[in-house]
Structure formats: structure tokens, C-alpha cells
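Data from data_5.tsv: TSV, C-alpha atoms and all ligand atoms
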```
chain	number	residue	atom	x	y	z
R	1	MET	CA	-4.43	-41.58	3.62
R	2	SER	CA	-1.38	-42.07	5.83
R	3	ARG	CA	-0.58	-39.63	8.59
R	4	ARG	CA	2.81	-38.99	7.05
R	5	PHE	CA	1.24	-38.11	3.72
R	6	LEU	CA	-1.17	-35.75	5.43
R	7	SER	CA	1.62	-33.98	7.28
R	8	VAL	CA	3.57	-33.59	4.03
R	9	ILE	CA	0.47	-32.03	2.48
R	10	ALA	CA	0.02	-29.76	5.53
R	11	ALA	CA	3.65	-28.65	5.39
R	12	PHE	CA	3.31	-27.96	1.68
R	13	ALA	CA	0.15	-25.92	2.27
R	14	PHE	CA	1.89	-23.89	4.99
R	15	LEU	CA	4.89	-23.19	2.76
R	16	THR	CA	2.62	-22.20	-0.08
R	17	ILE	CA	0.70	-19.82	2.18
R	18	SER	CA	3.94	-18.28	3.53
R	19	ALA	CA	5.35	-17.92	0.03
R	20	PHE	CA	2.07	-16.32	-1.00
R	21	ALA	CA	2.30	-13.81	1.86
R	22	GLN	CA	5.83	-12.85	0.89
R	23	GLU	CA	5.10	-12.66	-2.78
R	24	VAL	CA	2.61	-9.85	-2.32
R	25	ALA	CA	4.54	-7.63	0.08
R	26	ALA	CA	8.20	-8.59	-0.07
R	27	THR	CA	8.90	-4.91	0.55
R	28	PRO	CA	6.46	-2.52	2.29
R	29	PRO	CA	3.44	-1.82	0.05
R	30	MET	CA	3.49	1.54	-1.73
R	31	GLY	CA	0.60	3.40	-3.26
R	32	TRP	CA	-2.19	5.81	-2.45
R	33	ASN	CA	-5.28	5.65	-0.26
R	34	SER	CA	-8.38	7.82	-0.51
R	35	TRP	CA	-9.07	8.39	3.21
R	36	ASN	CA	-6.72	11.12	4.39
R	37	HIS	CA	-7.82	13.61	1.75
R	38	PHE	CA	-11.22	12.51	0.43
R	39	ALA	CA	-12.60	10.63	3.47
R	40	ASP	CA	-16.28	9.74	2.93
R	41	LYS	CA	-16.58	11.90	-0.22
R	42	VAL	CA	-14.43	9.61	-2.40
R	43	THR	CA	-15.93	8.62	-5.77
R	44	ASP	CA	-15.04	6.47	-8.75
R	45	ALA	CA	-13.92	9.64	-10.56
R	46	ASP	CA	-11.53	10.55	-7.72
R	47	VAL	CA	-9.95	7.09	-7.83
R	48	ARG	CA	-9.53	7.26	-11.62
R	49	ALA	CA	-8.01	10.74	-11.27
R	50	ALA	CA	-5.61	9.41	-8.63
R	51	ALA	CA	-4.59	6.56	-10.94
R	52	ASP	CA	-4.05	9.01	-13.81
R	53	ALA	CA	-1.97	11.32	-11.61
R	54	ILE	CA	0.13	8.51	-10.13
R	55	VAL	CA	1.22	7.70	-13.67
R	56	SER	CA	1.63	11.22	-15.07
R	57	SER	CA	3.50	12.49	-11.99
R	58	GLY	CA	6.06	9.68	-12.11
R	59	MET	CA	4.88	8.22	-8.79
R	60	ARG	CA	4.11	4.84	-10.34
R	61	ASP	CA	7.63	4.62	-11.66
R	62	ALA	CA	8.92	5.60	-8.21
R	63	GLY	CA	7.13	2.51	-6.80
R	64	TYR	CA	3.61	3.67	-5.88
R	65	ILE	CA	1.51	0.84	-7.28
R	66	TYR	CA	-1.58	0.34	-5.10
R	67	VAL	CA	-4.54	2.66	-5.57
R	68	ASN	CA	-6.67	1.98	-2.51
R	69	ILE	CA	-10.30	2.88	-1.97
R	70	ASP	CA	-10.97	3.32	1.74
R	71	ASP	CA	-14.30	3.25	3.57
R	72	THR	CA	-17.65	4.42	2.09
R	73	TRP	CA	-17.71	2.58	-1.22
R	74	GLU	CA	-20.05	-0.09	0.18
R	75	GLY	CA	-23.68	-0.45	-0.85
R	76	ASP	CA	-26.33	-2.95	0.22
R	77	ARG	CA	-26.14	-6.70	-0.24
R	78	ASP	CA	-28.29	-8.25	-2.96
R	79	ALA	CA	-30.86	-10.97	-2.28
R	80	SER	CA	-28.10	-13.62	-2.26
R	81	GLY	CA	-26.00	-11.61	0.16
R	82	ASN	CA	-23.45	-10.38	-2.37
R	83	ILE	CA	-21.95	-7.02	-1.46
R	84	GLN	CA	-22.56	-4.28	-4.01
R	85	SER	CA	-20.85	-0.95	-4.37
R	86	ASN	CA	-22.94	2.18	-3.78
R	87	LYS	CA	-23.78	4.84	-6.34
R	88	LYS	CA	-20.44	6.63	-5.87
R	89	PHE	CA	-18.85	3.53	-7.44
R	90	PRO	CA	-21.15	2.42	-10.27
R	91	ASP	CA	-18.97	-0.44	-11.56
R	92	MET	CA	-16.15	-1.78	-9.45
R	93	LYS	CA	-14.96	-4.28	-12.06
R	94	ALA	CA	-14.70	-1.53	-14.68
R	95	LEU	CA	-12.77	0.60	-12.19
R	96	ALA	CA	-10.35	-2.26	-11.49
R	97	ASP	CA	-9.89	-2.78	-15.24
R	98	TYR	CA	-9.12	0.91	-15.63
R	99	VAL	CA	-6.60	0.94	-12.77
R	100	HIS	CA	-4.97	-2.25	-14.06
R	101	SER	CA	-4.73	-0.80	-17.56
R	102	LYS	CA	-2.40	1.83	-16.09
R	103	GLY	CA	-0.04	-0.78	-14.66
R	104	LEU	CA	-1.44	-0.22	-11.16
R	105	LYS	CA	-3.29	-2.34	-8.62
R	106	LEU	CA	-6.60	-1.67	-6.88
R	107	GLY	CA	-7.23	-1.89	-3.15
R	108	ILE	CA	-10.47	-1.94	-1.21
R	109	TYR	CA	-11.66	-1.69	2.39
R	110	SER	CA	-13.92	-3.67	4.68
R	111	SER	CA	-14.45	-4.68	8.30
R	112	PRO	CA	-14.63	-8.03	10.08
R	113	GLY	CA	-17.61	-6.50	11.91
R	114	PRO	CA	-21.18	-6.03	10.70
R	115	LYS	CA	-20.42	-2.33	10.09
R	116	THR	CA	-17.33	-0.37	9.05
R	117	CYS	CA	-15.91	2.59	10.95
R	118	ALA	CA	-18.02	4.97	8.88
R	119	GLY	CA	-21.13	2.81	9.44
R	120	TYR	CA	-21.22	1.08	6.05
R	121	GLU	CA	-21.73	-2.66	5.39
R	122	GLY	CA	-18.95	-4.89	6.83
R	123	SER	CA	-18.01	-8.47	5.99
R	124	TYR	CA	-19.26	-10.15	9.21
R	125	GLY	CA	-20.76	-13.52	8.24
R	126	HIS	CA	-19.98	-12.92	4.56
R	127	GLU	CA	-16.20	-13.34	4.57
R	128	GLU	CA	-15.89	-16.01	1.87
R	129	GLN	CA	-18.53	-14.40	-0.28
R	130	ASP	CA	-16.84	-10.99	-0.05
R	131	ALA	CA	-13.37	-12.40	-0.75
R	132	LYS	CA	-14.79	-14.05	-3.88
R	133	THR	CA	-16.44	-10.82	-4.95
R	134	TYR	CA	-13.20	-8.87	-4.48
R	135	ALA	CA	-11.28	-11.45	-6.51
R	136	ALA	CA	-13.91	-11.37	-9.26
R	137	TRP	CA	-13.68	-7.57	-9.40
R	138	GLY	CA	-9.88	-7.78	-9.62
R	139	ILE	CA	-9.00	-6.40	-6.19
R	140	ASP	CA	-5.34	-6.65	-5.16
R	141	TYR	CA	-5.29	-5.25	-1.59
R	142	LEU	CA	-7.71	-5.40	1.33
R	143	LYS	CA	-7.61	-3.08	4.35
R	144	TYR	CA	-9.69	-4.81	7.01
R	145	ASP	CA	-10.79	-2.49	9.77
R	146	GLN	CA	-11.78	-3.86	13.16
R	147	CYS	CA	-14.28	-1.09	14.09
R	148	GLY	CA	-17.65	-2.85	13.87
R	149	LEU	CA	-16.27	-6.03	15.40
R	150	VAL	CA	-15.67	-4.34	18.76
R	151	ASP	CA	-19.37	-4.61	19.72
R	152	VAL	CA	-19.35	-8.30	18.78
R	153	MET	CA	-16.15	-8.84	20.78
R	154	GLU	CA	-17.65	-7.14	23.83
R	155	LYS	CA	-20.93	-9.01	23.65
R	156	GLU	CA	-19.48	-12.45	22.94
R	157	SER	CA	-16.59	-12.21	25.40
R	158	GLY	CA	-18.65	-10.82	28.27
R	159	GLY	CA	-15.80	-8.40	28.91
R	160	ASP	CA	-13.12	-11.14	29.14
R	161	ARG	CA	-10.04	-9.65	27.47
R	162	LEU	CA	-8.54	-12.97	26.40
R	163	LYS	CA	-11.80	-14.09	24.84
R	164	ALA	CA	-12.18	-10.77	23.05
R	165	PHE	CA	-8.65	-11.11	21.70
R	166	ALA	CA	-9.40	-14.65	20.46
R	167	ILE	CA	-12.49	-13.38	18.62
R	168	ASP	CA	-10.48	-10.59	17.03
R	169	LYS	CA	-7.67	-12.87	15.88
R	170	ALA	CA	-10.08	-15.51	14.57
R	171	ALA	CA	-11.90	-12.86	12.54
R	172	TYR	CA	-8.69	-11.83	10.79
R	173	GLU	CA	-7.68	-15.47	10.23
R	174	LYS	CA	-11.06	-16.18	8.72
R	175	MET	CA	-10.70	-13.47	6.10
R	176	HIS	CA	-7.10	-14.47	5.43
R	177	LYS	CA	-8.23	-18.01	4.63
R	178	ALA	CA	-11.02	-16.69	2.45
R	179	LEU	CA	-8.57	-14.50	0.51
R	180	VAL	CA	-6.10	-17.36	0.03
R	181	ALA	CA	-8.93	-19.61	-1.16
R	182	THR	CA	-9.67	-17.21	-4.03
R	183	GLY	CA	-6.23	-17.98	-5.49
R	184	ARG	CA	-5.71	-14.28	-6.22
R	185	PRO	CA	-2.70	-12.61	-4.59
R	186	ILE	CA	-4.28	-9.96	-2.35
R	187	VAL	CA	-2.27	-7.92	0.15
R	188	PHE	CA	-4.00	-8.26	3.53
R	189	SER	CA	-3.70	-5.19	5.73
R	190	PHE	CA	-5.03	-5.29	9.32
R	191	SER	CA	-6.46	-2.05	10.61
R	192	GLN	CA	-7.16	-2.38	14.32
R	193	ALA	CA	-4.99	0.35	15.86
R	194	GLY	CA	-2.48	-2.04	17.43
R	195	TRP	CA	-4.95	-3.74	19.78
R	196	TYR	CA	-3.66	-6.79	21.69
R	197	ASP	CA	-0.09	-6.15	20.45
R	198	VAL	CA	-1.17	-7.07	16.94
R	199	TRP	CA	2.47	-7.10	15.74
R	200	ALA	CA	3.04	-10.25	17.82
R	201	TRP	CA	0.34	-12.32	16.10
R	202	ALA	CA	-0.54	-10.65	12.80
R	203	PRO	CA	1.98	-12.60	10.68
R	204	GLU	CA	0.59	-15.97	11.75
R	205	ALA	CA	-2.96	-14.67	11.25
R	206	GLY	CA	-2.09	-13.81	7.64
R	207	GLY	CA	-1.34	-10.09	7.87
R	208	ASN	CA	1.02	-8.52	5.37
R	209	ALA	CA	0.79	-5.22	7.26
R	210	TRP	CA	-0.91	-4.17	10.47
R	211	ARG	CA	-1.72	-0.79	11.88
R	212	THR	CA	0.20	-0.20	15.09
R	213	THR	CA	-1.50	3.05	16.12
R	214	GLY	CA	-4.70	5.06	16.02
R	215	ASP	CA	-5.35	7.39	13.09
R	216	ILE	CA	-2.81	9.90	11.85
R	217	HIS	CA	-3.91	13.51	11.33
R	218	ASP	CA	-2.37	16.17	9.16
R	219	ASN	CA	-0.53	17.98	11.93
R	220	TYR	CA	2.99	17.74	13.31
R	221	ALA	CA	2.04	16.80	16.88
R	222	ARG	CA	0.01	13.76	15.78
R	223	MET	CA	2.51	12.59	13.14
R	224	GLU	CA	5.36	12.97	15.63
R	225	SER	CA	3.61	11.13	18.44
R	226	ILE	CA	2.62	8.22	16.17
R	227	GLY	CA	5.97	7.99	14.39
R	228	PHE	CA	8.27	8.11	17.38
R	229	SER	CA	6.06	5.72	19.35
R	230	GLN	CA	7.27	2.96	17.02
R	231	ALA	CA	10.57	2.44	18.84
R	232	GLY	CA	10.98	-1.20	19.80
R	233	LEU	CA	8.75	-2.72	17.09
R	234	ALA	CA	11.54	-3.43	14.57
R	235	LYS	CA	11.83	-7.10	15.43
R	236	TYR	CA	8.27	-7.81	14.32
R	237	ALA	CA	8.83	-6.70	10.71
R	238	SER	CA	10.15	-8.91	7.93
R	239	PRO	CA	9.56	-9.37	4.19
R	240	GLY	CA	5.83	-9.91	3.74
R	241	HIS	CA	5.03	-8.60	7.24
R	242	TRP	CA	5.15	-4.89	8.10
R	243	ASN	CA	4.33	-2.62	10.99
R	244	ASP	CA	2.05	0.14	9.72
R	245	PRO	CA	2.01	3.47	11.60
R	246	ASP	CA	-0.76	4.69	9.22
R	247	MET	CA	-0.79	6.46	5.88
R	248	LEU	CA	1.14	9.51	4.76
R	249	GLU	CA	-0.15	13.07	5.14
R	250	VAL	CA	2.57	14.56	2.91
R	251	GLY	CA	1.05	17.34	0.79
R	252	ASN	CA	-2.22	17.72	2.70
R	253	GLY	CA	-1.20	21.17	3.93
R	254	GLY	CA	-1.07	20.88	7.73
R	255	MET	CA	2.71	20.58	8.08
R	256	ASN	CA	5.64	22.48	6.62
R	257	ALA	CA	8.18	20.96	4.23
R	258	ASP	CA	10.69	20.12	7.01
R	259	GLU	CA	7.93	18.34	8.92
R	260	TYR	CA	6.81	16.40	5.85
R	261	ARG	CA	10.44	15.43	5.17
R	262	MET	CA	10.70	14.20	8.76
R	263	HIS	CA	7.41	12.26	8.28
R	264	MET	CA	8.64	10.61	5.08
R	265	ALA	CA	12.13	9.87	6.46
R	266	LEU	CA	10.76	8.37	9.66
R	267	TRP	CA	8.31	6.18	7.75
R	268	ALA	CA	11.19	5.01	5.52
R	269	ILE	CA	13.35	4.18	8.56
R	270	LEU	CA	10.34	2.26	9.94
R	271	ALA	CA	9.98	0.23	6.72
R	272	ALA	CA	6.37	1.38	6.82
R	273	PRO	CA	3.90	1.03	3.97
R	274	LEU	CA	4.12	4.26	1.96
R	275	LEU	CA	0.54	5.12	1.09
R	276	ALA	CA	0.25	8.72	-0.05
R	277	GLY	CA	-2.91	10.35	1.27
R	278	ASN	CA	-3.05	13.63	-0.63
R	279	ASP	CA	-4.96	14.81	-3.70
R	280	LEU	CA	-2.54	13.63	-6.36
R	281	SER	CA	-4.22	15.67	-9.07
R	282	LYS	CA	-3.25	18.91	-7.25
R	283	MET	CA	0.30	18.36	-6.01
R	284	SER	CA	2.95	21.03	-5.61
R	285	PRO	CA	6.40	20.27	-7.04
R	286	GLU	CA	7.67	20.21	-3.43
R	287	THR	CA	5.12	17.59	-2.35
R	288	LEU	CA	5.97	15.48	-5.37
R	289	SER	CA	9.69	15.73	-4.70
R	290	ILE	CA	9.20	14.63	-1.07
R	291	LEU	CA	7.04	11.67	-2.12
R	292	THR	CA	9.29	10.55	-4.95
R	293	SER	CA	12.80	10.92	-3.57
R	294	LYS	CA	14.51	7.85	-4.98
R	295	ASP	CA	17.08	7.69	-2.21
R	296	VAL	CA	14.52	7.93	0.59
R	297	ILE	CA	12.21	5.37	-1.02
R	298	ALA	CA	15.20	3.05	-1.37
R	299	VAL	CA	15.62	3.13	2.42
R	300	ASP	CA	12.00	2.04	2.91
R	301	GLN	CA	12.11	-0.55	0.15
R	302	ASP	CA	15.53	-2.05	0.89
R	303	ALA	CA	15.54	-5.76	0.03
R	304	LEU	CA	16.91	-6.80	3.42
R	305	GLY	CA	13.48	-5.98	4.85
R	306	LYS	CA	14.66	-4.87	8.27
R	307	GLN	CA	12.85	-2.11	10.12
R	308	GLY	CA	14.97	0.59	11.78
R	309	ASP	CA	14.89	1.62	15.39
R	310	ARG	CA	15.92	4.36	17.82
R	311	LEU	CA	19.58	4.24	18.83
R	312	TRP	CA	19.47	7.07	21.32
R	313	ALA	CA	17.55	10.14	22.35
R	314	ALA	CA	18.62	13.17	24.34
R	315	GLY	CA	15.82	15.66	24.90
R	316	PRO	CA	14.35	16.50	21.49
R	317	TYR	CA	17.30	15.02	19.57
R	318	GLU	CA	17.11	11.42	18.38
R	319	VAL	CA	19.19	9.13	16.21
R	320	TRP	CA	17.54	6.20	14.46
R	321	ALA	CA	19.17	3.66	12.16
R	322	LYS	CA	17.97	1.03	9.69
R	323	PRO	CA	20.22	-1.76	8.41
R	324	LEU	CA	20.35	-1.91	4.61
R	325	SER	CA	21.63	-4.58	2.27
R	326	GLY	CA	25.34	-4.64	1.51
R	327	GLY	CA	26.31	-3.66	5.06
R	328	ALA	CA	25.06	-0.08	4.68
R	329	LYS	CA	22.78	1.77	7.12
R	330	ALA	CA	20.30	4.58	6.87
R	331	VAL	CA	20.89	6.92	9.80
R	332	ALA	CA	18.43	9.66	10.70
R	333	LEU	CA	19.23	12.57	13.00
R	334	PHE	CA	15.86	13.95	14.08
R	335	ASN	CA	15.38	17.34	15.71
R	336	ARG	CA	12.00	17.30	17.45
R	337	GLY	CA	12.78	20.62	19.12
R	338	GLU	CA	11.48	24.11	18.40
R	339	LEU	CA	14.85	25.53	17.30
R	340	ALA	CA	17.28	24.55	14.57
R	341	SER	CA	20.25	22.88	16.20
R	342	PRO	CA	23.62	21.41	15.24
R	343	MET	CA	23.67	17.63	15.65
R	344	THR	CA	26.74	15.39	15.49
R	345	LEU	CA	27.00	11.79	14.39
R	346	ARG	CA	30.08	9.78	15.27
R	347	LEU	CA	30.55	7.02	12.72
R	348	LYS	CA	31.70	4.56	15.34
R	349	ASP	CA	28.39	4.99	17.20
R	350	VAL	CA	26.61	3.46	14.20
R	351	GLY	CA	29.19	0.75	13.65
R	352	PHE	CA	31.35	2.33	10.93
R	353	ALA	CA	35.05	3.01	10.74
R	354	GLN	CA	36.55	6.29	9.58
R	355	GLY	CA	36.44	6.41	5.81
R	356	ALA	CA	32.83	5.16	5.53
R	357	LYS	CA	30.92	6.80	2.70
R	358	LEU	CA	28.11	9.22	3.60
R	359	ARG	CA	25.29	10.55	1.50
R	360	ASP	CA	22.70	13.16	2.50
R	361	LEU	CA	19.56	11.56	1.08
R	362	TRP	CA	17.38	14.70	0.97
R	363	LYS	CA	20.07	16.81	-0.65
R	364	GLY	CA	21.32	13.98	-2.86
R	365	SER	CA	24.91	14.89	-2.20
R	366	GLU	CA	27.97	13.27	-0.64
R	367	VAL	CA	28.93	14.35	2.88
R	368	GLU	CA	32.44	14.28	4.21
R	369	ALA	CA	33.14	13.07	7.72
R	370	LYS	CA	35.99	14.77	9.56
R	371	ASN	CA	37.81	12.83	12.26
R	372	GLY	CA	35.15	10.14	12.05
R	373	GLN	CA	32.19	12.44	12.62
R	374	VAL	CA	29.73	14.74	10.88
R	375	THR	CA	28.02	17.78	12.31
R	376	ALA	CA	25.10	19.48	10.60
R	377	LEU	CA	22.50	22.09	11.44
R	378	VAL	CA	19.19	20.19	11.60
R	379	PRO	CA	16.08	22.35	11.21
R	380	SER	CA	13.41	22.44	13.91
R	381	HIS	CA	10.99	19.52	13.29
R	382	GLY	CA	13.49	18.32	10.70
R	383	VAL	CA	15.83	15.51	9.85
R	384	LEU	CA	19.24	14.85	8.43
R	385	LEU	CA	18.87	11.52	6.66
R	386	LEU	CA	22.13	9.81	5.76
R	387	ARG	CA	23.07	6.64	4.01
R	388	VAL	CA	26.30	5.33	5.51
R	389	SER	CA	28.09	2.60	3.60
R	390	PRO	CA	31.35	0.79	4.21
R	391	GLN	CA	34.22	2.14	2.15
T	401	LIG	C1	-10.59	3.98	10.70
T	401	LIG	C2	-9.22	3.77	10.04
T	401	LIG	C3	-8.97	4.88	9.05
T	401	LIG	C4	-10.08	4.89	8.01
T	401	LIG	C5	-11.43	5.03	8.68
T	401	LIG	C6	-12.58	4.82	7.69
T	401	LIG	O1	-10.59	5.13	11.47
T	401	LIG	O2	-8.21	3.74	11.01
T	401	LIG	O3	-7.71	4.71	8.43
T	401	LIG	O4	-10.01	3.69	7.28
T	401	LIG	O5	-11.59	4.04	9.70
T	401	LIG	O6	-13.84	4.86	8.27
```
Mind converting the file's structure to C-alpha cells?
Ligand code: GLA
Amino acid sequence: MSRRFLSVIAAFAFLTISAFAQEVAATPPMGWNSWNHFADKVTDADVRAAADAIVSSGMRDAGYIYVNIDDTWEGDRDASGNIQSNKKFPDMKALADYVHSKGLKLGIYSSPGPKTCAGYEGSYGHEEQDAKTYAAWGIDYLKYDQCGLVDVMEKESGGDRLKAFAIDKAAYEKMHKALVATGRPIVFSFSQAGWYDVWAWAPEAGGNAWRTTGDIHDNYARMESIGFSQAGLAKYASPGHWNDPDMLEVGNGGMNADEYRMHMALWAILAAPLLAGNDLSKMSPETLSILTSKDVIAVDQDALGKQGDRLWAAGPYEVWAKPLSGGAKAVALFNRGELASPMTLRLKDVGFAQGAKLRDLWKGSEVEAKNGQVTALVPSHGVLLLRVSPQ
């Protein structure tokens, strides 16, 4: 075979792989994940109930498609090394069929290490076999959690940071190749807490999304510190490739409604995956309305695929903006302070002339700018989220 022919084939393969990556996550993945609420207690019945509730609540129609089982589904391997689910998940294929029958997709979790974060069986040394098993079950999303690989990285690198990084990256690439080889479109989500500036290399290692932080918890201080730490990462996101500041806590009870609205608005500005983490079968109308706001979801899911960033901060007051298609922008005025406070946005500071159209996305109403600016009282731990569009 000529060299030229081989390079044409290689270029074709690369394009196919890139197209594949974009196909599965052209906009940030949306769905639900079992961890934040159910943690290690999650069962087949919980996942079915989540799928039922996603449909009956209207969340599926709002865009929440992936139903993702997190850690603790894993059982032992059989004599041929095939991973089996444990007794909490008696039949993974049947579960996938059920989830698919609802017009949803099923996600699963594993680790590149011998063990997962919760100490269950990881994929180390079984990558191709596990990818094939997932595809045969009908899995559509894999969260791949570094945890158990850290020991391997330490041992094999002898403490050399560059070597440890190379081991980490190779482990993710290995699973990416194994997933592609199955021929099934599977979203590949890296979960390694942002180690080695993962955003800089995850796209070439096959990541559709990558965790940029440690775990979120259902309290304001943790959500705030994770969310606002994302400033500066916008340039690493693009269709098919998303920064992931962890899953949503909306509705889990540890924050008030203003705080959950800030959480949701910030994640939308960040073009973050929107993976609800609450018990969907017991949702208050307020939780549902925060999770399903069409206007806010549209910010996250905008087809331009650009992540937003911080424009300025003064004490606890911050303005962030996200470019949207059609020349519009989502602009968020965040009040991280302990008191409600008036905040002012001058249209020219976000690149708009007087006469631009403004919409308050949480209220769903038009806002009128006077003399090229808007002032509003923003609640403590709250947000004014605007869509600004050219006249
Ligand atoms: C890590 C991840 C969490 C969750 C747990 C499961 O902590 O960051 O999101 O998947 O592992 O053990």
C-alpha cells in the first residue's frame, strides 16, 4: 500500500473519529445521574423510577435524555473476565431496553484503575472487553473515573509527574479507542477532578466532557467555589468537548431557591453538562421549574457551543457573559454577597448599543433598558440572568 494511500486512510479515520465525537455531544449532555442523591444505594428500581419521572415530569422534553448509573453497579467478572452487574442490577440489558423504550439513553460508570472510587471493579486491563459489554447492553454514555488508577500511576511513575500524567492520558485514550471500536456512539466523560489541566488534552484523548473540579456537595459554599473557579476555561470548550464542573444539586435540599437558580444559571453560562442529581420521583414544583426553564436551558444548549466567562468582579458582585448564536449574549449578574443589592448593567459594557432587546430569563419577561442601562435588585446568593439580543 502506498504511503499516500495510507495517509488518506489515516486522515479519513481521524475525521470519522472527530465527527463521531461531535455527533454524540454537539451540545452539552443533559440528563440525570444517580450519585448525588442515591450514592451507593442506587438500584435498578431507582433508575427505572428516574426514567419514568424524567418522562412524566416533562424533563425529557426539556432536553434531559441521559439516565446515568454512577458507581456501585459493578459485580465480579466471570471466568472469561466479563464484567457482570451486581445484585442491585439484575439485568443491565433489560434495564437499557426499558430506558430506551422511553426515548431516553442509558449511561454507566467505570474506572481506568483496578478499582472505582467506591472500591468496586474497574476496567484496568479489561478496557476492550468492557467497552464491548457496554455496547452489547446498549449503553450510551460512560463516566470514567480516575480514582483507582492513581495507585498505578504512583507505582509505575516512581513519583515522576510527567510519567504519571502520560499514564493517565494513555488510560483515557485506551478506553476511547475501545469505545470507538464498538461502533456504538457512546458519550465519553472523563472524571479525574481536573488533574494535569485535563481541559488542555481531553479533546485529543477522546473526551466529550471532562470534570474540571473535585466533587460538588449540596451546599452553597461548595457550589459557589466550584462554579466561580471556572473563569478562564471557556476557550477549551467547543461542540463535542465540554468542561464539566460536576453534576447539579438542584432539588436536593441543601440550598434555597435563589441559590439553586444561581447554580443552574452559572452552569448554563458555563455550557456545562446538565445532569440533574436529585430524586426525580419526589420533586417540588419549584425544583422542576428551575430544572426545566426553557430559556435557561437554551443558554446552556445554544448551538454556537461557546462557553461563557467572567467579564468583571467587584467584591461579591460579578458579571459573566456567554455568546449565543445570532449575535445575542446571555449576561448573568451574580450577587455572591450576604445582602440583596442593586446591580447595574451598562449595555455598552457587553457590546450592545442602546435599543438592544433584554429578557429576564428566570422571570420570562422583557426588561427595558433606560439610557443604555438596567438596574435590578439581585437577591443575596442570587442572579439576574438576561438574554441580550441586537435590536
Ligand atoms: C468520584 C466522582 C463522583 C462519583 C464517585 C463515585 O468521587 O467524582 O462524581 O462518581 O466517585 O464513587
- Enumerate as a PyMOL selection string the residues within 8 Å of ligand LIG 401 (chain T), counting all atoms listed in the file. chain R and resi 35-36+39-40+70-72+109+116-119+143+145+147+191-193+211+214-216+246-247
- Message: So that I can see what lies close to Ala205 (chain R), please list as a ChimeraX atom specification the residues with an atom at most 12 Å from it, counting all atoms listed in the file and leaving out residues fewer than 5 positions away in the same chain.
- Response: /R:17-18,21,166,168-177,180,188-190,198-200,210,241
Restricting it to C-alpha atoms, dump the selection as a PDB file, keeping the file's coordinate frame.
```pdb
ATOM      1  CA  ILE R  17       0.700 -19.820   2.180  1.00  0.00           C
ATOM      2  CA  SER R  18       3.940 -18.280   3.530  1.00  0.00           C
ATOM      3  CA  ALA R  21       2.300 -13.810   1.860  1.00  0.00           C
ATOM      4  CA  ALA R 166      -9.400 -14.650  20.460  1.00  0.00           C
ATOM      5  CA  ASP R 168     -10.480 -10.590  17.030  1.00  0.00           C
ATOM      6  CA  LYS R 169      -7.670 -12.870  15.880  1.00  0.00           C
ATOM      7  CA  ALA R 170     -10.080 -15.510  14.570  1.00  0.00           C
ATOM      8  CA  ALA R 171     -11.900 -12.860  12.540  1.00  0.00           C
ATOM      9  CA  TYR R 172      -8.690 -11.830  10.790  1.00  0.00           C
ATOM     10  CA  GLU R 173      -7.680 -15.470  10.230  1.00  0.00           C
ATOM     11  CA  LYS R 174     -11.060 -16.180   8.720  1.00  0.00           C
ATOM     12  CA  MET R 175     -10.700 -13.470   6.100  1.00  0.00           C
ATOM     13  CA  HIS R 176      -7.100 -14.470   5.430  1.00  0.00           C
ATOM     14  CA  LYS R 177      -8.230 -18.010   4.630  1.00  0.00           C
ATOM     15  CA  VAL R 180      -6.100 -17.360   0.030  1.00  0.00           C
ATOM     16  CA  PHE R 188      -4.000  -8.260   3.530  1.00  0.00           C
ATOM     17  CA  SER R 189      -3.700  -5.190   5.730  1.00  0.00           C
ATOM     18  CA  PHE R 190      -5.030  -5.290   9.320  1.00  0.00           C
ATOM     19  CA  VAL R 198      -1.170  -7.070  16.940  1.00  0.00           C
ATOM     20  CA  TRP R 199       2.470  -7.100  15.740  1.00  0.00           C
ATOM     21  CA  ALA R 200       3.040 -10.250  17.820  1.00  0.00           C
ATOM     22  CA  TRP R 210      -0.910  -4.170  10.470  1.00  0.00           C
ATOM     23  CA  HIS R 241       5.030  -8.600   7.240  1.00  0.00           C
TER      24      HIS R 241
END
```
- Quick one: residues within 10 Å of region 311-325 of chain R, all atoms listed in the file counted, chain neighbours fewer than 2 positions away excluded, as a PyMOL selection string? chain R and resi 228+231+234+266+268-271+298-309+327-339+341-345+349-350+378+380-381+383-389
- Looking at R:Gly364, R:Pro245, R:Gly277, R:Pro114, which one is nearest to Ser289 (chain R), with distances taken over all atoms listed in the file? R:Gly364
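Candidate residues R:Met283, R:Trp362, R:Ile226, R:Gly382 were compared for distance to Val296 (chain R), and the nearest is R:Trp362, using only C-alpha atoms.
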- Item | Counting all atoms listed in the file, the option among R:Asp197, R:Thr213, R:Asp360, R:Tyr260 closest to Tyr236 (chain R) |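 Counting all atoms listed in the file, the residue closest to Tyr236 (chain R) is R:Asp197.
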- So what do you get for CA of Asn86 (chain R) versus CA of Met59 (chain R), distance-wise?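 CA of Asn86 (chain R) sits 28.9 Å away from CA of Met59 (chain R).
Here CA of Glu127 (chain R) stands at a distance of 25.7 Å from CA of Tyr98 (chain R).
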Selection as a PDB file with C-alpha atoms, in the frame of the given file: residues within 10 Å of (-16.4, -12.0, 1.5), counting all atoms listed in the file:
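Written file, out19.pdb:
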```pdb
ATOM      1  CA  GLY R  81     -26.000 -11.610   0.160  1.00  0.00           C
ATOM      2  CA  ASN R  82     -23.450 -10.380  -2.370  1.00  0.00           C
ATOM      3  CA  ILE R  83     -21.950  -7.020  -1.460  1.00  0.00           C
ATOM      4  CA  SER R 110     -13.920  -3.670   4.680  1.00  0.00           C
ATOM      5  CA  PRO R 112     -14.630  -8.030  10.080  1.00  0.00           C
ATOM      6  CA  GLY R 122     -18.950  -4.890   6.830  1.00  0.00           C
ATOM      7  CA  SER R 123     -18.010  -8.470   5.990  1.00  0.00           C
ATOM      8  CA  TYR R 124     -19.260 -10.150   9.210  1.00  0.00           C
ATOM      9  CA  GLY R 125     -20.760 -13.520   8.240  1.00  0.00           C
ATOM     10  CA  HIS R 126     -19.980 -12.920   4.560  1.00  0.00           C
ATOM     11  CA  GLU R 127     -16.200 -13.340   4.570  1.00  0.00           C
ATOM     12  CA  GLU R 128     -15.890 -16.010   1.870  1.00  0.00           C
ATOM     13  CA  GLN R 129     -18.530 -14.400  -0.280  1.00  0.00           C
ATOM     14  CA  ASP R 130     -16.840 -10.990  -0.050  1.00  0.00           C
ATOM     15  CA  ALA R 131     -13.370 -12.400  -0.750  1.00  0.00           C
ATOM     16  CA  LYS R 132     -14.790 -14.050  -3.880  1.00  0.00           C
ATOM     17  CA  THR R 133     -16.440 -10.820  -4.950  1.00  0.00           C
ATOM     18  CA  TYR R 134     -13.200  -8.870  -4.480  1.00  0.00           C
ATOM     19  CA  ALA R 135     -11.280 -11.450  -6.510  1.00  0.00           C
ATOM     20  CA  LYS R 174     -11.060 -16.180   8.720  1.00  0.00           C
ATOM     21  CA  MET R 175     -10.700 -13.470   6.100  1.00  0.00           C
ATOM     22  CA  ALA R 178     -11.020 -16.690   2.450  1.00  0.00           C
ATOM     23  CA  LEU R 179      -8.570 -14.500   0.510  1.00  0.00           C
TER      24      LEU R 179
END
```
- Task: Please work out which residues fall within 10 Å of (-16.9, 4.9, -1.6), coordinates as given in the file, with all atoms listed in the file counting, and return them as a ChimeraX atom specification.
- Result: /R:34-35,38-44,46-47,69-75,85-90,108-109,120
- Mind pulling up the distance from CA of Tyr64 (chain R) to CA of Glu23 (chain R)?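 Interatomic distance, CA of Glu23 (chain R) to CA of Tyr64 (chain R): 16.7 Å.
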